[in-house]
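Colleague: So that we are looking at the same thing, I have put the structure below in structure tokens.
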Amino acid sequence: MWKSKSRNIDMASRRSYLWLAIGVILLVISSGKWVVPAATWLAPVFIMRFLRTQKAVPGLATGAILYILASLIMWGEMLMPDGWAWYPILLISGLGLAMFSPYLIDRMVSPRLDGFVVTLVFPLGWTTAEYVLSLASPYATFSSLAYTQYGNLPLMQLVSVTGIWGIPLLITWFAAVVNWIWESEYPRARLRCAFGIYGIILIAVLLLGGVRLTIFAPGEETVRVASVTTAPDYRIRLREVSTLSEKQVVGIEQRDLLLEQSRRAARLGAGIVFWQEYAVALVSAEEAFIIPGRQLARDEQIYLGMAYSTVARNENGDPASPGERATPPENKIVMIDPSGAIIWEYLKANPIPGEGIMRGNGIIPVRDTPYGRLASVICFDLDFPGFILQAGRDDVDILLAPSYDWKEIVPLSTHVAVFRAVENGCSLIRCTGHGLSIATDYQGRVRSSVDYFTSDQRVMIADVPVGGVATLYSLIGDLFAWLCAAGLVAVIGCAVFRRNPR
């Protein structure tokens, strides 16, 4: 009898490590470098199964180590394209540990609860962890599970209500429900309960998303928008020149090329034209640099967005020499209206880690135009939902986003941006050097796209709706995330004060 019991325990332990192996393999392809959307739903099922069948300390220690290693595989090459370095390794490891914390909470709290409420611990913990991480991490929401579901348009409509936080809740709740059924002696009864609660909610989300896509689709009135990226050799040429005067010549040449491409786009019917982030590295005086752009906007009667960076300058306003005290470079877009007037200058408000530029004032500029309310942000700004919320609350119809990527993060950074359009009810045009340029409407439908690495096309033309829509998310912001945090506190409180834990 003792041998039989021992053999059963040994078989259970082996199966447990099999679940762990399956879970880790699925985890590696669930986010980051490789994304299989179904794996995002399945990976937590098996990792949770392992942790719930192991003793707490050794199980959690094993899970945490493997989760950190998986995070380095998923994110290492994307966030360290120039090679591995200690600082980003520590950041990614911290990210992995933070996203493992919901498993720790589930392992500690779930055994003290009974009934379907057990299934809420993990999803509430995960959603809360994602939200806290978005506020504390220099990578903002980059690692959210929501972005793995890009392209599932019915599901993506949920973010117009809950922000991105509703999608991770549904994904991780699925894992908790499956485990609740899996560990039951009476799985049929629990299956009926799970379908009655979780299944109906998931089906309702998808059906309502489909209804929104069908009934509340954008109208037929559109404006043609052109986004212009630079030639492949521009930044290489800029690095090769040795003097400031040579760099100035390269910058002026690049500006004139961009202006000529902008003129061609205008004559193809574009009413709005803008350039990618870092389109020109400006050494000369800005006022003189912008004059030809103002003239072009007048001649062609277009809105023209000139995106460029300035060099660090000393106290005299001249380009600073190495080691000289200087103001940081600026990364900006100057928007010019059809009269040739500058209607805004916007500096990037959220630099990527290590970018070393002057931060903007954090206010998204908005102007009324014949094409609706127009606004602009720059690249990494789009990873911060709370920041882009300004666009929704200011009723922006079209959001322009000059951007610059590197090959390892294509197409994830562009997919991240599209969620901001759905959240805030505005069309988005992301003009991306060294990446995927895209234009979408406020429901996330792609109107046009150009991949820098697979196409020689440097001008993307898109017809986007002139009107946006109001969304519930733009009114309530991250209230859903706060409710999840409050729900987590409540279920932990129930577990702590329960008299007879199972």
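Residues in the structure tokens are numbered from 1 in each chain, the chains being A, B, ... in the order shown, and ligands are numbered from 1 in the order shown.
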Which residues, written as a list in words, have at least one atom at most 12 Å from A:Pro88, with only C-alpha atoms counted and residues fewer than 3 positions away on the same chain left out?
Modeller: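 The contact residues come out as Ser71, Leu72, Trp75, Gly76, Glu77, Met78, Leu79, Met80, Pro81, Asp82, Gly83, Trp84, Ala85, Leu91, Ile92, Ser93, Gly94, Leu95, Ser137, Pro138, Tyr139, Pro353 and Gly354 of chain A.
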Colleague: Go ahead and write the selection's residues with C-alpha atoms as a JSON list (two decimals), in the first residue's frame.
Modeller:
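See out18.json below for the written result:
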[["chain", "number", "residue", "atom", "x", "y", "z"],
["A", 71, "SER", "CA", 11.41, 37.11, -19.80],
["A", 72, "LEU", "CA", 15.05, 37.55, -20.84],
["A", 75, "TRP", "CA", 12.45, 40.72, -24.31],
["A", 76, "GLY", "CA", 16.26, 40.63, -24.32],
["A", 77, "GLU", "CA", 16.93, 41.06, -28.03],
["A", 78, "MET", "CA", 14.08, 43.53, -28.45],
["A", 79, "LEU", "CA", 15.22, 45.87, -25.68],
["A", 80, "MET", "CA", 18.97, 45.32, -26.14],
["A", 81, "PRO", "CA", 19.50, 45.43, -29.92],
["A", 82, "ASP", "CA", 23.13, 46.53, -29.51],
["A", 83, "GLY", "CA", 24.07, 43.66, -27.20],
["A", 84, "TRP", "CA", 23.46, 42.51, -23.66],
["A", 85, "ALA", "CA", 24.15, 44.99, -20.85],
["A", 91, "LEU", "CA", 15.27, 45.80, -15.66],
["A", 92, "ILE", "CA", 13.97, 42.84, -17.65],
["A", 93, "SER", "CA", 14.60, 40.49, -14.71],
["A", 94, "GLY", "CA", 12.67, 42.88, -12.48],
["A", 95, "LEU", "CA", 9.90, 42.95, -15.05],
["A", 137, "SER", "CA", 8.52, 50.81, -15.22],
["A", 138, "PRO", "CA", 10.56, 52.86, -17.72],
["A", 139, "TYR", "CA", 9.04, 50.60, -20.39],
["A", 353, "PRO", "CA", 15.37, 55.02, -21.50],
["A", 354, "GLY", "CA", 18.75, 56.51, -22.39]]
Colleague: Have a look at A:Ala39, A:Val377, A:Val464, A:Met74 and name the one nearest to A:Asn361; count only C-alpha atoms.
Modeller: A:Val377
Colleague: Please report as a Markdown table every residue of stretch 294-358 of chain A lying within 10 Å of stretch 363-376 of chain A, along with the nearest atom pair and their distance in Å (one decimal), using only C-alpha atoms.
Modeller:
| residue | atom | partner | partner_atom | distance |
| --- | --- | --- | --- | --- |
| A:Tyr303 | CA | A:Thr369 | CA | 9.3 |
| A:Gly305 | CA | A:Ser376 | CA | 9.1 |
| A:Ile333 | CA | A:Ser376 | CA | 8.0 |
| A:Val334 | CA | A:Ser376 | CA | 9.7 |
| A:Met335 | CA | A:Ser376 | CA | 8.8 |
| A:Asp337 | CA | A:Thr369 | CA | 9.0 |
| A:Ile343 | CA | A:Arg367 | CA | 7.8 |
| A:Trp344 | CA | A:Pro365 | CA | 6.7 |
| A:Glu345 | CA | A:Pro365 | CA | 8.2 |
| A:Tyr346 | CA | A:Pro365 | CA | 7.0 |
| A:Leu347 | CA | A:Ile363 | CA | 9.3 |
| A:Lys348 | CA | A:Ile364 | CA | 9.6 |
| A:Ala349 | CA | A:Ile363 | CA | 8.1 |
Colleague: Mind checking which residues fall within 6 Å of stretch 274-284 of chain A, counting only C-alpha atoms, ignoring those fewer than 2 positions away in the same chain, and posting them as JSON, numbers by chain?
Modeller: {"A": [227, 228, 229, 248, 251, 304, 305, 306, 307, 308, 309, 310, 402, 403, 404, 431, 432, 433]}
Colleague: Include C-alpha atoms and write out the residues we just selected as a PDB file, in the first residue's frame.
Modeller:
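The resulting file, part_12.pdb, is reproduced below:
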ATOM      1  CA  SER A 227       3.490  60.298 -43.858  1.00  0.00           C
ATOM      2  CA  VAL A 228       7.069  60.555 -45.094  1.00  0.00           C
ATOM      3  CA  THR A 229      10.047  58.486 -43.920  1.00  0.00           C
ATOM      4  CA  GLN A 248      24.523  70.987 -41.592  1.00  0.00           C
ATOM      5  CA  GLY A 251      20.603  68.065 -42.766  1.00  0.00           C
ATOM      6  CA  LEU A 304       2.678  70.144 -42.767  1.00  0.00           C
ATOM      7  CA  GLY A 305       4.375  68.514 -39.773  1.00  0.00           C
ATOM      8  CA  MET A 306       8.160  68.924 -39.830  1.00  0.00           C
ATOM      9  CA  ALA A 307       9.662  66.440 -37.344  1.00  0.00           C
ATOM     10  CA  TYR A 308      13.331  66.830 -36.483  1.00  0.00           C
ATOM     11  CA  SER A 309      15.868  66.845 -33.685  1.00  0.00           C
ATOM     12  CA  THR A 310      18.193  69.637 -32.620  1.00  0.00           C
ATOM     13  CA  PRO A 402       6.162  60.657 -35.854  1.00  0.00           C
ATOM     14  CA  SER A 403       8.142  57.606 -34.721  1.00  0.00           C
ATOM     15  CA  TYR A 404      11.468  55.827 -35.077  1.00  0.00           C
ATOM     16  CA  CYS A 431       4.915  57.450 -39.412  1.00  0.00           C
ATOM     17  CA  THR A 432       7.811  55.160 -38.532  1.00  0.00           C
ATOM     18  CA  GLY A 433      11.394  55.301 -39.671  1.00  0.00           C
TER      19      GLY A 433
END
Colleague: Excluding A:Leu158 and any residue of its chain fewer than 4 positions from it, enumerate the residues within 8 Å of it, using only C-alpha atoms, and give them as a ChimeraX atom specification.
Modeller: /A:154,162-164,166-167,205,209
Colleague: Would you return as a PyMOL selection string the members of stretch 173-414 of chain A that DSSP assigns to strand (DSSP E) on this structure's backbone?
Modeller: chain A and resi 222-228+272-275+281-282+303-310+331-336+342-347+366-369+372-376+398-404
Colleague: Extract, using only C-alpha atoms, all DNA, RNA and protein residues at most 9 Å from stretch 191-201 of chain A, discarding same-chain residues fewer than 2 positions from it, and format them as an MDAnalysis selection string.
Modeller: chainID A and resid 116 170 173:174 177:178 180:181 186:189 203:206
Colleague: Hey, could you make a per-residue contact list for stretch 81-145 of chain A against stretch 485-491 of chain A with 7 Å as the cut-off, showing the nearest pair of atoms and its distance in Å to one decimal, counting only C-alpha atoms, sorted by chain and number, as a Markdown table?
Modeller:
| residue | atom | partner | partner_atom | distance |
| --- | --- | --- | --- | --- |
| A:Val121 | CA | A:Leu488 | CA | 6.5 |
| A:Leu124 | CA | A:Leu488 | CA | 5.4 |
| A:Gly125 | CA | A:Leu488 | CA | 6.1 |
| A:Thr128 | CA | A:Ala485 | CA | 5.2 |
Colleague: Just write the chosen residues, C-alpha atoms, as a PDB file, in the first residue's frame.
Modeller:
ATOM      1  CA  VAL A 121      -7.566  36.006  -7.273  1.00  0.00           C
ATOM      2  CA  LEU A 124      -7.270  40.616 -10.264  1.00  0.00           C
ATOM      3  CA  GLY A 125      -3.667  40.166  -9.165  1.00  0.00           C
ATOM      4  CA  THR A 128      -3.246  45.132 -10.736  1.00  0.00           C
TER       5      THR A 128
END
Colleague: What is the distance between atom CA of A:Trp34 and atom CA of A:Ala439, in Å to one decimal?
Modeller: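 Answer for the atom CA of A:Trp34 to atom CA of A:Ala439 separation: 23.3 Å.
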Colleague: Looking only at the backbone, which of the residues in stretch 151-332 of chain A does DSSP tag as alpha helix (DSSP H), as a VMD selection string?
Modeller: chain A and resid 153 to 156 159 to 162 166 to 182 187 to 194 200 to 215 234 to 240 244 to 267 286 to 300
Colleague: Quick one: pull the distance between atom CA of A:Leu400 and atom CA of A:Thr471, Å, one decimal.
Modeller: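 Interatomic distance here is 19.0 Å.
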Colleague: Atom CA of A:Trp182 and atom CA of A:Ala56 are how many Å apart?
Modeller: 19.1 Å
Colleague: Could you tell me which of A:Ala401, A:Ile25, A:Val36, A:Ala495 comes closest to A:Thr414 if we count only C-alpha atoms?
Modeller: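 The answer is A:Ala401, which sits nearest to A:Thr414.
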Colleague: Which is closer to A:Leu399 than all the others in A:Ile429, A:Ala98, A:Leu90, A:Leu155, using only C-alpha atoms?
Modeller: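 Between A:Ile429, A:Ala98, A:Leu90, A:Leu155, the residue approaching A:Leu399 most closely is A:Ile429.
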Colleague: For each of A:Phe453, A:Ala176, A:Gly219, A:Ser448, take the minimum atom-to-atom distance to A:Gly435, counting only C-alpha atoms, then give the residue where this is smallest.
Modeller: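 The shortest atom-to-atom distance to A:Gly435 comes from A:Phe453.
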